[in-house]
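In what follows, a single structure is set out as structure tokens and then discussed.
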Amino acid sequence: MINMRILAIDYGDSRVGIAITDPLNITAQGLETIHSNGNDKVVLKRLEEIFSKYEIDTIVIGNPVNMDGTESTRVEITNKFIEKLKCKFGKIKIYKIDERLTTVAAHKTMNFLDVNKHKKRGIVDTISAQYILEMYLNRPQ
């Protein structure tokens, strides 16, 4: 039997971070950053390619609420993208995870690892997606 994997998305205006679980759904690995420049068709096409390579049954997407827990304007934009995911991928399970401070944590990790400042922009969203996926995997059942 093939274990179905979980895919995480850090959805942004111009870049979308992607992370995926290992085949046993124990760990989260950053996969890539999709440079979409605001074009969801680019993101959906790349996700389709990822889905053809990996057996995925669940998507976890960061929910960009404000620090005080209220909904930001990004929440509405993210919800519209979730509707596009549902139309494109049908019966796949989609969960939203509070993504507060994931980008801050990603920057702290990159600083700790002394990542070149020119490389940070290209990988911060992937690391944020990995943190979103780790929060999902570690949530109380």
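All residue names refer to the structure tokens as shown: chains lettered A, B, ... in order, residues numbered from 1 in each chain, ligands numbered from 1 in order.
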
Show which residues sit within 10 Å of Ile50 (chain A), as a VMD selection string. Count only C-alpha atoms, and ignore same-chain residues fewer than 3 positions away.
chain A and resid 7 18 20 31 44 to 47 53 to 56

Would you mind exporting the chosen residues as a PDB file, in the first residue's frame, restricted to N, CA and C atoms?
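Saved to again-v2.pdb:
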ATOM      1  N   LEU A   7       0.970  17.786   1.625  1.00  0.00           N
ATOM      2  CA  LEU A   7       1.656  18.913   1.004  1.00  0.00           C
ATOM      3  C   LEU A   7       1.261  20.185   1.746  1.00  0.00           C
ATOM      4  N   ILE A  18       6.448  25.608  -0.890  1.00  0.00           N
ATOM      5  CA  ILE A  18       5.878  24.269  -0.906  1.00  0.00           C
ATOM      6  C   ILE A  18       6.748  23.351  -0.045  1.00  0.00           C
ATOM      7  N   ILE A  20       6.607  19.114   1.747  1.00  0.00           N
ATOM      8  CA  ILE A  20       5.936  17.825   1.634  1.00  0.00           C
ATOM      9  C   ILE A  20       6.455  16.888   2.716  1.00  0.00           C
ATOM     10  N   LEU A  31      10.196  21.723  -0.225  1.00  0.00           N
ATOM     11  CA  LEU A  31      10.304  21.213  -1.595  1.00  0.00           C
ATOM     12  C   LEU A  31      10.797  22.294  -2.551  1.00  0.00           C
ATOM     13  N   LEU A  44      -1.020  26.691  -9.846  1.00  0.00           N
ATOM     14  CA  LEU A  44      -1.838  25.491 -10.043  1.00  0.00           C
ATOM     15  C   LEU A  44      -1.190  24.523 -11.029  1.00  0.00           C
ATOM     16  N   LYS A  45      -0.559  25.054 -12.063  1.00  0.00           N
ATOM     17  CA  LYS A  45       0.127  24.188 -13.037  1.00  0.00           C
ATOM     18  C   LYS A  45       1.284  23.458 -12.373  1.00  0.00           C
ATOM     19  N   ARG A  46       2.072  24.173 -11.568  1.00  0.00           N
ATOM     20  CA  ARG A  46       3.199  23.535 -10.897  1.00  0.00           C
ATOM     21  C   ARG A  46       2.717  22.518  -9.861  1.00  0.00           C
ATOM     22  N   LEU A  47       1.639  22.840  -9.157  1.00  0.00           N
ATOM     23  CA  LEU A  47       1.080  21.886  -8.199  1.00  0.00           C
ATOM     24  C   LEU A  47       0.601  20.618  -8.906  1.00  0.00           C
ATOM     25  N   LYS A  53       3.871  13.589  -9.514  1.00  0.00           N
ATOM     26  CA  LYS A  53       5.094  12.933  -9.039  1.00  0.00           C
ATOM     27  C   LYS A  53       4.893  12.252  -7.682  1.00  0.00           C
ATOM     28  N   TYR A  54       4.084  12.844  -6.818  1.00  0.00           N
ATOM     29  CA  TYR A  54       3.868  12.340  -5.463  1.00  0.00           C
ATOM     30  C   TYR A  54       2.401  11.977  -5.257  1.00  0.00           C
ATOM     31  N   GLU A  55       2.164  10.972  -4.438  1.00  0.00           N
ATOM     32  CA  GLU A  55       0.798  10.594  -4.050  1.00  0.00           C
ATOM     33  C   GLU A  55       0.402  11.481  -2.867  1.00  0.00           C
ATOM     34  N   ILE A  56      -0.451  12.460  -3.113  1.00  0.00           N
ATOM     35  CA  ILE A  56      -0.841  13.443  -2.101  1.00  0.00           C
ATOM     36  C   ILE A  56      -2.350  13.371  -1.894  1.00  0.00           C
TER      37      ILE A  56
END

Might you pull out every residue within 8 Å of region 58-67 of chain A, with only C-alpha atoms counted and same-chain residues fewer than 5 positions away left off, and present them as a PyMOL selection string?
chain A and resi 5-11+72+74-75+78+92-100+129+132-133+136

Quick one: everything within 8 Å of Asp13 (chain A), counting only C-alpha atoms, minus sequence neighbours fewer than 6 positions away in the same chain. Send it as a PyMOL selection string.
chain A and resi 36-38

Dump of C-alpha atoms for the selected residues, as a PDB file, in the first residue's frame:
ATOM      1  CA  SER A  36       4.173  33.149  -9.565  1.00  0.00           C
ATOM      2  CA  ASN A  37       4.208  36.965  -9.650  1.00  0.00           C
ATOM      3  CA  GLY A  38       0.569  36.852  -8.552  1.00  0.00           C
TER       4      GLY A  38
END

Would you please give, as JSON, numbers by chain, all residues of region 1-137 of chain A that DSSP assigns to helix (DSSP H, G or I) based on the backbone?
{"A": [40, 41, 42, 43, 44, 45, 46, 47, 48, 49, 50, 51, 52, 53, 73, 74, 75, 76, 77, 78, 79, 80, 81, 82, 83, 84, 85, 86, 87, 88, 89, 102, 103, 104, 105, 106, 107, 108, 109, 110, 111, 112, 117, 118, 119, 120, 121, 122, 123, 124, 125, 126, 127, 128, 129, 130, 131, 132, 133, 134, 135, 136, 137]}

Between A:Ile123, A:Glu134, A:Lys117, A:Pro140, smallest distance to Thr33 (chain A) by only C-alpha atoms belongs to A:Ile123

Given the choices A:Phe89, A:Asn79, A:Gly12, A:Met4, which gets closest to Glu48 (chain A) if the distance is worked out from only C-alpha atoms?
A:Phe89

What lies within 7 Å of Pro23 (chain A) using only C-alpha atoms, ignoring chain neighbours under 2 positions off, as a list in words?
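So, after excluding close chain neighbours, the residues are Asn3, Arg5, Thr21 and Asn25 of chain A.
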
Output for the residues just chosen: C-alpha atoms as a compact mmCIF listing (two decimals), in the first residue's frame:
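What ended up in out-v5.txt:
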# COMPACT_ATOMS: atom_id res chain seq x y z
CA ASN A 3 1.26 6.03 1.87
CA ARG A 5 1.72 12.34 1.51
CA THR A 21 6.06 14.97 4.09
CA ASN A 25 4.23 11.27 7.01

As a list in words, please: every residue in region 14-77 of chain A that DSSP puts in strand (DSSP E or B).
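Taking region 14-77 of chain A and keeping strand (DSSP E or B) only, one gets Arg15, Val16, Gly17, Ile18, Ala19, Ile20, Thr21, Ala28, Gln29, Gly30, Leu31, Glu32, Thr33, Ile34, His35, Ile56, Asp57, Thr58, Ile59, Val60, Ile61, Gly62 and Asn63 of chain A.
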
Atom pair CA of Ala28 (chain A) / CA of Gln130 (chain A): separation (Å)
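Separating CA of Ala28 (chain A) from CA of Gln130 (chain A) is a distance of 5.8 Å.
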
Which one is closest to Glu32 (chain A): A:Lys80, A:Arg139, A:Arg15, A:Lys88? Count only C-alpha atoms.
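Of the candidates, the smallest distance to Glu32 (chain A) is held by A:Arg15.
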
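Relative to CA of His35 (chain A), CA of Ser14 (chain A) is found at 6.0 Å.
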
Between CA of Gly30 (chain A) and CA of Val16 (chain A), what is the spacing in Å?
11.6 Å

Between A:Phe51, A:Asp40, A:Asp57, A:Met135, which has the minimum distance to Lys91 (chain A) (counting only C-alpha atoms)?
A:Asp57
